[in-house]
Amino acid sequence: MNTLRLSSRKGIRMLVSAILLMASASVHAYTVYVSSEKDNTITVVDGDTLELKRTVDVGARPRGIALSKDNKVLYVCTSDADHIEVLDLDTLKVIHTLPSGPDPELLVLGPEGRYIYAANEDDNMVTVIDVEKRSKVAEILVGVEPEGMGVSPDGKWLVNTSETTNMAHFINLENLQVEYNVLVDQRPRVAQFTPDGSQVWVSSEIGGTVSVIDVASKQIIRKIGFAIPGIRSEAIQPVGIRMSEDGSRAFVALGPAARVAVVDSGTLEVEKYLLVGQRVWNLDLSPNGKRMFTTNGVSNDMSVIDLERLKVIKSIPVGQLPWGVVVRP
């Protein structure tokens, strides 16, 4: 009888442990979404197993993508369709569209989750969209060929970059007016705020630098340059930028150089270069901060980086000309 009782207790403990393990796995499960501008798809990848789950057809030339605040839908800039598509992430079906203005390329969601700010490359403006009313709120004139879009954590500033004007435009989100213009190097691509909102980092693709701008003074603190042995300087083209959650590191995609630069945010020095796929464009982090995912436009794949070891651990084939990437917790 005692043996049976002990066996029963052991079985219960094993069952409880299994249930807790499954619950833990469920909590940490996440999904990666990649937009591919040539074949008009969103590729869905399991972030834990790194297995391809599904490919979803969307509108023409999907580029910039962003999650809603509740993580229920994905906003997709379908550039050649001249609108933003709203993809329900439970059904993986487009449920409606939003008026974005012509040729939306990159978008960012405000901290409140209600307004989308989209760069309209062909019309030199930023469009403000109310996602609840599904309507256009305003059009803000900026420089020539706007692309990069970054919102400060406090929701005060929107920074847009204009590729041809070579400027970072500081837009006051209370009055939707451009209040400051900061000249950066040639062809600025991405604007990324630090987690504390004190700085905004702007990548310049042709200039080959990242300008670190002090938000309070609107002055450039430092221009970070990159040098990779055996790679021509003109092939080192900074584009996507992603900060670690604690702000201690920045990761910069270097385009045709097929490298991601790991930058110490305190010293503003490059720690290491990681070899990824060809024409690395954008990047995003896993919810636990242990992995990074990059889109590689020429090799048509996504690289997976182990951030604890700073090592690329896998390449996953996705659609043609992968552009944007976001991770859903």
# chains A, B, ... in the order shown; residues from 1 in each chain; ligands from 1

call {"tool": "residues_around", "arguments": {"residues": "Leu52 of chain A", "least_positions_apart": "5", "cutoff": "10 Å", "atoms": "only C-alpha atoms", "output": "number ranges by chain"}}
result
A: 32, 43-47, 316-318

call {"tool": "residues_around", "arguments": {"residues": "Asp306 of chain A", "least_positions_apart": "3", "cutoff": "9 Å", "atoms": "only C-alpha atoms", "output": "number ranges by chain"}}
result
A: 290-292, 309-313

call {"tool": "write_last_selection", "arguments": {"atoms": "all heavy atoms", "output": "mmCIF file, in the first residue's frame"}}
result
data_model
loop_
_atom_site.group_PDB
_atom_site.id
_atom_site.type_symbol
_atom_site.label_atom_id
_atom_site.label_comp_id
_atom_site.auth_asym_id
_atom_site.auth_seq_id
_atom_site.Cartn_x
_atom_site.Cartn_y
_atom_site.Cartn_z
ATOM 1 N N LYS A 290 17.026 37.352 -26.378
ATOM 2 C CA LYS A 290 18.115 36.398 -26.586
ATOM 3 C C LYS A 290 18.414 36.133 -28.057
ATOM 4 O O LYS A 290 19.472 35.587 -28.390
ATOM 5 C CB LYS A 290 17.790 35.076 -25.888
ATOM 6 C CG LYS A 290 17.782 35.196 -24.360
ATOM 7 C CD LYS A 290 17.554 33.843 -23.702
ATOM 8 C CE LYS A 290 17.622 33.977 -22.182
ATOM 9 N NZ LYS A 290 17.421 32.661 -21.513
ATOM 10 N N ARG A 291 17.485 36.491 -28.928
ATOM 11 C CA ARG A 291 17.699 36.272 -30.359
ATOM 12 C C ARG A 291 17.386 37.524 -31.151
ATOM 13 O O ARG A 291 16.571 38.358 -30.741
ATOM 14 C CB ARG A 291 16.817 35.129 -30.876
ATOM 15 C CG ARG A 291 17.274 33.734 -30.496
ATOM 16 C CD ARG A 291 16.306 32.687 -31.007
ATOM 17 N NE ARG A 291 16.790 31.326 -30.755
ATOM 18 C CZ ARG A 291 16.070 30.226 -30.959
ATOM 19 N NH1 ARG A 291 14.839 30.329 -31.428
ATOM 20 N NH2 ARG A 291 16.586 29.042 -30.695
ATOM 21 N N MET A 292 18.046 37.629 -32.295
ATOM 22 C CA MET A 292 17.738 38.694 -33.242
ATOM 23 C C MET A 292 17.494 38.071 -34.610
ATOM 24 O O MET A 292 18.132 37.078 -34.975
ATOM 25 C CB MET A 292 18.877 39.706 -33.318
ATOM 26 C CG MET A 292 18.693 40.750 -34.401
ATOM 27 S SD MET A 292 19.732 42.189 -34.132
ATOM 28 C CE MET A 292 18.795 43.011 -32.857
ATOM 29 N N ARG A 309 25.661 34.679 -27.289
ATOM 30 C CA ARG A 309 26.970 34.284 -27.828
ATOM 31 C C ARG A 309 27.432 35.199 -28.961
ATOM 32 O O ARG A 309 28.561 35.064 -29.446
ATOM 33 C CB ARG A 309 26.904 32.842 -28.336
ATOM 34 C CG ARG A 309 26.663 31.801 -27.259
ATOM 35 C CD ARG A 309 26.691 30.401 -27.851
ATOM 36 N NE ARG A 309 25.550 30.150 -28.720
ATOM 37 C CZ ARG A 309 25.495 29.170 -29.619
ATOM 38 N NH1 ARG A 309 26.549 28.371 -29.798
ATOM 39 N NH2 ARG A 309 24.414 28.990 -30.361
ATOM 40 N N LEU A 310 26.548 36.127 -29.394
ATOM 41 C CA LEU A 310 26.816 36.981 -30.555
ATOM 42 C C LEU A 310 27.280 36.122 -31.735
ATOM 43 O O LEU A 310 28.328 36.347 -32.338
ATOM 44 C CB LEU A 310 27.849 38.059 -30.233
ATOM 45 C CG LEU A 310 27.386 39.168 -29.288
ATOM 46 C CD1 LEU A 310 28.492 40.182 -29.064
ATOM 47 C CD2 LEU A 310 26.129 39.863 -29.814
ATOM 48 N N LYS A 311 26.412 35.167 -32.083
ATOM 49 C CA LYS A 311 26.732 34.214 -33.137
ATOM 50 C C LYS A 311 25.488 33.918 -33.965
ATOM 51 O O LYS A 311 24.393 33.742 -33.419
ATOM 52 C CB LYS A 311 27.259 32.915 -32.518
ATOM 53 C CG LYS A 311 27.682 31.883 -33.531
ATOM 54 C CD LYS A 311 28.242 30.644 -32.836
ATOM 55 C CE LYS A 311 28.672 29.594 -33.853
ATOM 56 N NZ LYS A 311 29.214 28.377 -33.183
ATOM 57 N N VAL A 312 25.655 33.887 -35.298
ATOM 58 C CA VAL A 312 24.555 33.509 -36.190
ATOM 59 C C VAL A 312 24.368 32.002 -36.105
ATOM 60 O O VAL A 312 25.317 31.234 -36.290
ATOM 61 C CB VAL A 312 24.843 33.939 -37.642
ATOM 62 C CG1 VAL A 312 23.723 33.469 -38.564
ATOM 63 C CG2 VAL A 312 24.997 35.454 -37.731
ATOM 64 N N ILE A 313 23.135 31.564 -35.796
ATOM 65 C CA ILE A 313 22.903 30.136 -35.578
ATOM 66 C C ILE A 313 22.092 29.473 -36.686
ATOM 67 O O ILE A 313 22.101 28.252 -36.811
ATOM 68 C CB ILE A 313 22.214 29.883 -34.231
ATOM 69 C CG1 ILE A 313 20.872 30.632 -34.153
ATOM 70 C CG2 ILE A 313 23.129 30.275 -33.082
ATOM 71 C CD1 ILE A 313 20.053 30.296 -32.913
#

call {"tool": "residues_around", "arguments": {"residues": "Ala66 of chain A", "least_positions_apart": "5", "cutoff": "9 Å", "atoms": "only C-alpha atoms", "output": "NGL selection string"}}
result
:A and (73-77 or 107-109 or 324-326)

call {"tool": "closest_residue", "arguments": {"among": "A:Ser204, A:Ser36, A:Thr31, A:Thr97", "to": "Ser135 of chain A", "atoms": "only C-alpha atoms"}}
result
A:Thr97

call {"tool": "closest_residue", "arguments": {"among": "A:Thr91, A:Asn71, A:Ser303, A:Thr161", "to": "Asn181 of chain A", "atoms": "only C-alpha atoms"}}
result
A:Thr161

call {"tool": "residues_around", "arguments": {"residues": "segment 165-175 of chain A", "least_positions_apart": "4", "cutoff": "7 Å", "atoms": "only C-alpha atoms", "output": "MDAnalysis selection string"}}
result
chainID A and resid 143:144 156:161 179:188

call {"tool": "closest_residue", "arguments": {"among": "A:Val200, A:Leu283, A:Leu321, A:Val263", "to": "Pro62 of chain A", "atoms": "only C-alpha atoms"}}
result
A:Leu321

call {"tool": "select_by_dssp", "arguments": {"residues": "segment 40-210 of chain A", "states": "strand (DSSP E or B)", "output": "count of residues only"}}
result
101

call {"tool": "residues_around", "arguments": {"residues": "Pro322 of chain A", "least_positions_apart": "2", "cutoff": "10 Å", "atoms": "only C-alpha atoms", "output": "ChimeraX atom specification"}}
result
/A:34-43,62-63,279-282,294-302,317-320,324-325

call {"tool": "write_last_selection", "arguments": {"atoms": "N, CA and C atoms", "output": "CSV table (one decimal), in the first residue's frame"}}
result
chain,number,residue,atom,x,y,z
A,34,VAL,N,7.8,38.3,-41.6
A,34,VAL,CA,8.7,38.9,-42.6
A,34,VAL,C,7.9,39.3,-43.8
A,35,SER,N,8.0,40.6,-44.3
A,35,SER,CA,7.4,41.0,-45.5
A,35,SER,C,8.4,40.8,-46.7
A,36,SER,N,7.9,40.3,-47.8
A,36,SER,CA,8.8,40.1,-49.0
A,36,SER,C,8.2,40.9,-50.1
A,37,GLU,N,8.9,42.0,-50.6
A,37,GLU,CA,8.3,42.9,-51.5
A,37,GLU,C,8.2,42.4,-52.9
A,38,LYS,N,8.9,41.4,-53.3
A,38,LYS,CA,8.8,41.0,-54.7
A,38,LYS,C,7.7,40.0,-54.9
A,39,ASP,N,7.5,39.0,-54.0
A,39,ASP,CA,6.4,38.1,-54.2
A,39,ASP,C,5.1,38.4,-53.4
A,40,ASN,N,5.1,39.6,-52.8
A,40,ASN,CA,3.8,40.0,-52.1
A,40,ASN,C,3.3,39.1,-51.0
A,41,THR,N,4.2,38.8,-50.1
A,41,THR,CA,3.8,37.8,-49.1
A,41,THR,C,4.3,38.3,-47.7
A,42,ILE,N,3.7,37.7,-46.7
A,42,ILE,CA,4.2,37.7,-45.3
A,42,ILE,C,4.5,36.3,-44.9
A,43,THR,N,5.8,36.1,-44.6
A,43,THR,CA,6.2,34.7,-44.1
A,43,THR,C,6.1,34.6,-42.6
A,62,PRO,N,4.8,44.6,-50.3
A,62,PRO,CA,4.8,44.9,-48.8
A,62,PRO,C,6.2,45.2,-48.4
A,63,ARG,N,6.3,46.3,-47.6
A,63,ARG,CA,7.6,46.7,-47.1
A,63,ARG,C,7.5,46.9,-45.5
A,279,ARG,N,22.7,41.6,-48.4
A,279,ARG,CA,21.9,42.9,-48.3
A,279,ARG,C,21.0,42.8,-47.1
A,280,VAL,N,21.6,42.8,-45.9
A,280,VAL,CA,20.8,42.8,-44.7
A,280,VAL,C,20.1,44.1,-44.6
A,281,TRP,N,18.9,44.1,-44.2
A,281,TRP,CA,18.1,45.3,-44.3
A,281,TRP,C,17.5,45.8,-43.0
A,282,ASN,N,16.6,44.9,-42.4
A,282,ASN,CA,16.0,45.3,-41.1
A,282,ASN,C,16.2,44.2,-40.1
A,294,THR,N,17.1,39.0,-38.8
A,294,THR,CA,17.4,39.9,-39.8
A,294,THR,C,16.8,39.5,-41.2
A,295,THR,N,16.4,40.5,-42.0
A,295,THR,CA,16.0,40.2,-43.3
A,295,THR,C,17.1,40.5,-44.3
A,296,ASN,N,17.3,39.5,-45.2
A,296,ASN,CA,18.5,39.6,-46.1
A,296,ASN,C,17.9,39.6,-47.5
A,297,GLY,N,17.9,40.8,-48.2
A,297,GLY,CA,17.1,41.0,-49.4
A,297,GLY,C,17.6,40.3,-50.6
A,298,VAL,N,18.9,40.1,-50.7
A,298,VAL,CA,19.4,39.4,-52.0
A,298,VAL,C,19.5,37.9,-51.8
A,299,SER,N,19.8,37.4,-50.6
A,299,SER,CA,19.9,36.0,-50.4
A,299,SER,C,18.5,35.4,-50.1
A,300,ASN,N,17.5,36.2,-50.0
A,300,ASN,CA,16.1,35.8,-49.7
A,300,ASN,C,16.0,34.9,-48.5
A,301,ASP,N,16.6,35.3,-47.4
A,301,ASP,CA,16.5,34.5,-46.2
A,301,ASP,C,16.5,35.4,-45.0
A,302,MET,N,16.3,34.8,-43.8
A,302,MET,CA,16.3,35.5,-42.6
A,302,MET,C,17.4,34.9,-41.7
A,317,PRO,N,15.1,30.3,-45.2
A,317,PRO,CA,14.6,30.8,-46.5
A,317,PRO,C,13.2,31.4,-46.3
A,318,VAL,N,13.0,32.6,-46.8
A,318,VAL,CA,11.7,33.3,-46.8
A,318,VAL,C,11.3,33.7,-48.2
A,319,GLY,N,10.5,34.7,-48.4
A,319,GLY,CA,10.1,35.1,-49.7
A,319,GLY,C,11.2,35.9,-50.4
A,320,GLN,N,10.8,36.3,-51.6
A,320,GLN,CA,11.8,37.1,-52.5
A,320,GLN,C,11.8,38.5,-52.1
A,324,GLY,N,10.8,43.8,-44.3
A,324,GLY,CA,10.5,44.1,-42.9
A,324,GLY,C,10.5,42.9,-42.1
A,325,VAL,N,10.7,43.0,-40.8
A,325,VAL,CA,10.6,41.9,-39.8
A,325,VAL,C,10.1,42.4,-38.5

call {"tool": "residues_around", "arguments": {"residues": "Asp214 of chain A", "least_positions_apart": "6", "cutoff": "8 Å", "atoms": "only C-alpha atoms", "output": "VMD selection string"}}
result
chain A and resid 198 to 200 220 to 221

call {"tool": "residues_around", "arguments": {"residues": "Gln237 of chain A", "least_positions_apart": "2", "cutoff": "12 Å", "atoms": "only C-alpha atoms", "output": "tab-separated table (two decimals) with N, CA and C atoms, in the first residue's frame"}}
result
chain	number	residue	atom	x	y	z
A	185	ASP	N	24.27	62.56	-42.85
A	185	ASP	CA	24.99	62.15	-44.05
A	185	ASP	C	24.03	61.61	-45.12
A	186	GLN	N	24.60	61.28	-46.27
A	186	GLN	CA	23.79	60.97	-47.46
A	186	GLN	C	22.89	59.76	-47.29
A	187	ARG	N	21.68	59.94	-47.77
A	187	ARG	CA	20.62	58.94	-47.86
A	187	ARG	C	20.27	58.32	-46.50
A	188	PRO	N	19.73	59.12	-45.61
A	188	PRO	CA	19.30	58.56	-44.32
A	188	PRO	C	18.13	57.60	-44.48
A	189	ARG	N	18.20	56.50	-43.77
A	189	ARG	CA	17.22	55.43	-43.95
A	189	ARG	C	16.30	55.21	-42.74
A	190	VAL	N	16.89	55.05	-41.55
A	190	VAL	CA	16.10	54.64	-40.39
A	190	VAL	C	16.35	55.58	-39.23
A	203	SER	N	20.53	56.22	-39.45
A	203	SER	CA	21.48	55.57	-40.35
A	203	SER	C	21.50	56.29	-41.69
A	204	SER	N	22.70	56.42	-42.27
A	204	SER	CA	22.86	57.03	-43.59
A	204	SER	C	23.49	56.00	-44.52
A	205	GLU	N	22.69	55.51	-45.45
A	205	GLU	CA	23.09	54.39	-46.31
A	205	GLU	C	24.31	54.71	-47.17
A	206	ILE	N	24.28	55.81	-47.89
A	206	ILE	CA	25.40	56.18	-48.77
A	206	ILE	C	26.52	56.83	-47.98
A	207	GLY	N	26.18	57.61	-46.99
A	207	GLY	CA	27.21	58.24	-46.16
A	207	GLY	C	28.01	57.24	-45.34
A	208	GLY	N	27.42	56.07	-45.08
A	208	GLY	CA	28.13	55.01	-44.37
A	208	GLY	C	28.26	55.23	-42.87
A	209	THR	N	27.38	56.06	-42.31
A	209	THR	CA	27.48	56.39	-40.89
A	209	THR	C	26.13	56.26	-40.19
A	210	VAL	N	26.19	56.27	-38.86
A	210	VAL	CA	25.01	56.44	-38.02
A	210	VAL	C	25.22	57.71	-37.21
A	225	GLY	N	31.19	55.46	-37.55
A	225	GLY	CA	31.62	54.89	-38.83
A	225	GLY	C	31.88	53.40	-38.69
A	226	PHE	N	32.03	52.72	-39.82
A	226	PHE	CA	32.21	51.27	-39.82
A	226	PHE	C	33.34	50.90	-40.78
A	227	ALA	N	34.15	49.93	-40.37
A	227	ALA	CA	35.25	49.45	-41.21
A	227	ALA	C	35.36	47.94	-41.03
A	228	ILE	N	35.25	47.22	-42.13
A	228	ILE	CA	35.31	45.75	-42.09
A	228	ILE	C	36.46	45.31	-42.98
A	231	ILE	N	36.28	44.42	-46.95
A	231	ILE	CA	35.05	44.94	-47.55
A	231	ILE	C	35.27	46.39	-47.95
A	232	ARG	N	34.94	46.71	-49.20
A	232	ARG	CA	35.09	48.08	-49.68
A	232	ARG	C	34.17	49.02	-48.89
A	233	SER	N	34.63	50.21	-48.61
A	233	SER	CA	33.87	51.16	-47.79
A	233	SER	C	32.51	51.48	-48.40
A	234	GLU	N	32.46	51.56	-49.75
A	234	GLU	CA	31.19	51.89	-50.40
A	234	GLU	C	30.15	50.78	-50.29
A	235	ALA	N	30.59	49.57	-49.92
A	235	ALA	CA	29.66	48.45	-49.74
A	235	ALA	C	29.10	48.40	-48.32
A	239	VAL	N	21.59	50.62	-42.64
A	239	VAL	CA	20.15	50.81	-42.87
A	239	VAL	C	19.40	50.58	-41.55
A	240	GLY	N	18.92	49.35	-41.31
A	240	GLY	CA	18.13	49.10	-40.11
A	240	GLY	C	18.92	49.24	-38.82
A	241	ILE	N	18.25	49.74	-37.77
A	241	ILE	CA	18.84	49.87	-36.43
A	241	ILE	C	17.86	49.30	-35.41
A	252	VAL	N	23.17	47.35	-35.94
A	252	VAL	CA	23.01	48.11	-37.18
A	252	VAL	C	23.20	47.17	-38.37
A	253	ALA	N	22.19	47.09	-39.24
A	253	ALA	CA	22.28	46.30	-40.47
A	253	ALA	C	23.08	47.08	-41.50
A	254	LEU	N	24.08	46.43	-42.11
A	254	LEU	CA	25.01	47.13	-43.01
A	254	LEU	C	24.83	46.76	-44.48
A	255	GLY	N	23.61	46.41	-44.88
A	255	GLY	CA	23.27	46.25	-46.28
A	255	GLY	C	24.15	45.29	-47.06
A	256	PRO	N	24.74	45.74	-48.18
A	256	PRO	CA	25.55	44.86	-49.04
A	256	PRO	C	26.79	44.27	-48.35
A	257	ALA	N	27.19	44.84	-47.23
A	257	ALA	CA	28.34	44.29	-46.50
A	257	ALA	C	28.01	42.96	-45.83
A	258	ALA	N	26.73	42.61	-45.80
A	258	ALA	CA	26.28	41.33	-45.22
A	258	ALA	C	26.73	41.16	-43.77
A	259	ARG	N	26.71	42.25	-43.03
A	259	ARG	CA	27.12	42.23	-41.62
A	259	ARG	C	26.11	43.01	-40.78
A	260	VAL	N	26.00	42.59	-39.52
A	260	VAL	CA	25.33	43.39	-38.50
A	260	VAL	C	26.40	43.88	-37.54
A	261	ALA	N	26.47	45.19	-37.35
A	261	ALA	CA	27.42	45.77	-36.41
A	261	ALA	C	26.80	45.79	-35.01
A	279	ARG	N	22.75	41.64	-48.40
A	279	ARG	CA	21.94	42.85	-48.32
A	279	ARG	C	21.00	42.80	-47.12
A	280	VAL	N	21.61	42.75	-45.95
A	280	VAL	CA	20.81	42.75	-44.71
A	280	VAL	C	20.15	44.12	-44.55
A	281	TRP	N	18.85	44.10	-44.25
A	281	TRP	CA	18.07	45.32	-44.33
A	281	TRP	C	17.47	45.76	-42.99

call {"tool": "decode", "arguments": {"residues": "segment 307-318 of chain A", "atoms": "all heavy atoms", "output": "mmCIF file, in the first residue's frame"}}
result
data_model
loop_
_atom_site.group_PDB
_atom_site.id
_atom_site.type_symbol
_atom_site.label_atom_id
_atom_site.label_comp_id
_atom_site.auth_asym_id
_atom_site.auth_seq_id
_atom_site.Cartn_x
_atom_site.Cartn_y
_atom_site.Cartn_z
ATOM 1 N N LEU A 307 22.074 36.188 -29.301
ATOM 2 C CA LEU A 307 22.665 37.404 -28.762
ATOM 3 C C LEU A 307 23.500 37.172 -27.506
ATOM 4 O O LEU A 307 24.300 38.031 -27.130
ATOM 5 C CB LEU A 307 21.570 38.438 -28.480
ATOM 6 C CG LEU A 307 20.874 38.986 -29.728
ATOM 7 C CD1 LEU A 307 19.797 39.983 -29.349
ATOM 8 C CD2 LEU A 307 21.872 39.611 -30.684
ATOM 9 N N GLU A 308 23.327 36.039 -26.856
ATOM 10 C CA GLU A 308 24.171 35.740 -25.706
ATOM 11 C C GLU A 308 25.578 35.376 -26.155
ATOM 12 O O GLU A 308 26.568 35.717 -25.505
ATOM 13 C CB GLU A 308 23.552 34.612 -24.875
ATOM 14 C CG GLU A 308 22.238 35.024 -24.205
ATOM 15 C CD GLU A 308 21.635 33.919 -23.377
ATOM 16 O OE1 GLU A 308 21.736 32.730 -23.783
ATOM 17 O OE2 GLU A 308 21.044 34.222 -22.316
ATOM 18 N N ARG A 309 25.661 34.679 -27.289
ATOM 19 C CA ARG A 309 26.970 34.284 -27.828
ATOM 20 C C ARG A 309 27.432 35.199 -28.961
ATOM 21 O O ARG A 309 28.561 35.064 -29.446
ATOM 22 C CB ARG A 309 26.904 32.842 -28.336
ATOM 23 C CG ARG A 309 26.663 31.801 -27.259
ATOM 24 C CD ARG A 309 26.691 30.401 -27.851
ATOM 25 N NE ARG A 309 25.550 30.150 -28.720
ATOM 26 C CZ ARG A 309 25.495 29.170 -29.619
ATOM 27 N NH1 ARG A 309 26.549 28.371 -29.798
ATOM 28 N NH2 ARG A 309 24.414 28.990 -30.361
ATOM 29 N N LEU A 310 26.548 36.127 -29.394
ATOM 30 C CA LEU A 310 26.816 36.981 -30.555
ATOM 31 C C LEU A 310 27.280 36.122 -31.735
ATOM 32 O O LEU A 310 28.328 36.347 -32.338
ATOM 33 C CB LEU A 310 27.849 38.059 -30.233
ATOM 34 C CG LEU A 310 27.386 39.168 -29.288
ATOM 35 C CD1 LEU A 310 28.492 40.182 -29.064
ATOM 36 C CD2 LEU A 310 26.129 39.863 -29.814
ATOM 37 N N LYS A 311 26.412 35.167 -32.083
ATOM 38 C CA LYS A 311 26.732 34.214 -33.137
ATOM 39 C C LYS A 311 25.488 33.918 -33.965
ATOM 40 O O LYS A 311 24.393 33.742 -33.419
ATOM 41 C CB LYS A 311 27.259 32.915 -32.518
ATOM 42 C CG LYS A 311 27.682 31.883 -33.531
ATOM 43 C CD LYS A 311 28.242 30.644 -32.836
ATOM 44 C CE LYS A 311 28.672 29.594 -33.853
ATOM 45 N NZ LYS A 311 29.214 28.377 -33.183
ATOM 46 N N VAL A 312 25.655 33.887 -35.298
ATOM 47 C CA VAL A 312 24.555 33.509 -36.190
ATOM 48 C C VAL A 312 24.368 32.002 -36.105
ATOM 49 O O VAL A 312 25.317 31.234 -36.290
ATOM 50 C CB VAL A 312 24.843 33.939 -37.642
ATOM 51 C CG1 VAL A 312 23.723 33.469 -38.564
ATOM 52 C CG2 VAL A 312 24.997 35.454 -37.731
ATOM 53 N N ILE A 313 23.135 31.564 -35.796
ATOM 54 C CA ILE A 313 22.903 30.136 -35.578
ATOM 55 C C ILE A 313 22.092 29.473 -36.686
ATOM 56 O O ILE A 313 22.101 28.252 -36.811
ATOM 57 C CB ILE A 313 22.214 29.883 -34.231
ATOM 58 C CG1 ILE A 313 20.872 30.632 -34.153
ATOM 59 C CG2 ILE A 313 23.129 30.275 -33.082
ATOM 60 C CD1 ILE A 313 20.053 30.296 -32.913
ATOM 61 N N LYS A 314 21.408 30.272 -37.514
ATOM 62 C CA LYS A 314 20.601 29.640 -38.556
ATOM 63 C C LYS A 314 20.224 30.646 -39.632
ATOM 64 O O LYS A 314 20.119 31.850 -39.376
ATOM 65 C CB LYS A 314 19.327 29.031 -37.957
ATOM 66 C CG LYS A 314 18.544 28.155 -38.928
ATOM 67 C CD LYS A 314 17.486 27.323 -38.224
ATOM 68 C CE LYS A 314 16.803 26.386 -39.223
ATOM 69 N NZ LYS A 314 15.820 25.501 -38.563
ATOM 70 N N SER A 315 20.010 30.137 -40.841
ATOM 71 C CA SER A 315 19.470 30.910 -41.948
ATOM 72 C C SER A 315 18.169 30.241 -42.384
ATOM 73 O O SER A 315 18.141 29.035 -42.617
ATOM 74 C CB SER A 315 20.462 30.957 -43.107
ATOM 75 O OG SER A 315 19.872 31.572 -44.239
ATOM 76 N N ILE A 316 17.094 31.029 -42.493
ATOM 77 C CA ILE A 316 15.784 30.482 -42.832
ATOM 78 C C ILE A 316 15.309 31.090 -44.152
ATOM 79 O O ILE A 316 15.142 32.313 -44.251
ATOM 80 C CB ILE A 316 14.754 30.793 -41.728
ATOM 81 C CG1 ILE A 316 15.235 30.232 -40.383
ATOM 82 C CG2 ILE A 316 13.384 30.228 -42.087
ATOM 83 C CD1 ILE A 316 14.394 30.682 -39.207
ATOM 84 N N PRO A 317 15.072 30.274 -45.192
ATOM 85 C CA PRO A 317 14.553 30.810 -46.457
ATOM 86 C C PRO A 317 13.167 31.420 -46.254
ATOM 87 O O PRO A 317 12.309 30.837 -45.576
ATOM 88 C CB PRO A 317 14.481 29.567 -47.363
ATOM 89 C CG PRO A 317 15.407 28.578 -46.741
ATOM 90 C CD PRO A 317 15.334 28.822 -45.271
ATOM 91 N N VAL A 318 12.968 32.618 -46.824
ATOM 92 C CA VAL A 318 11.656 33.259 -46.768
ATOM 93 C C VAL A 318 11.272 33.660 -48.187
ATOM 94 O O VAL A 318 11.690 33.013 -49.144
ATOM 95 C CB VAL A 318 11.668 34.458 -45.787
ATOM 96 C CG1 VAL A 318 11.775 33.974 -44.340
ATOM 97 C CG2 VAL A 318 12.793 35.435 -46.087
#
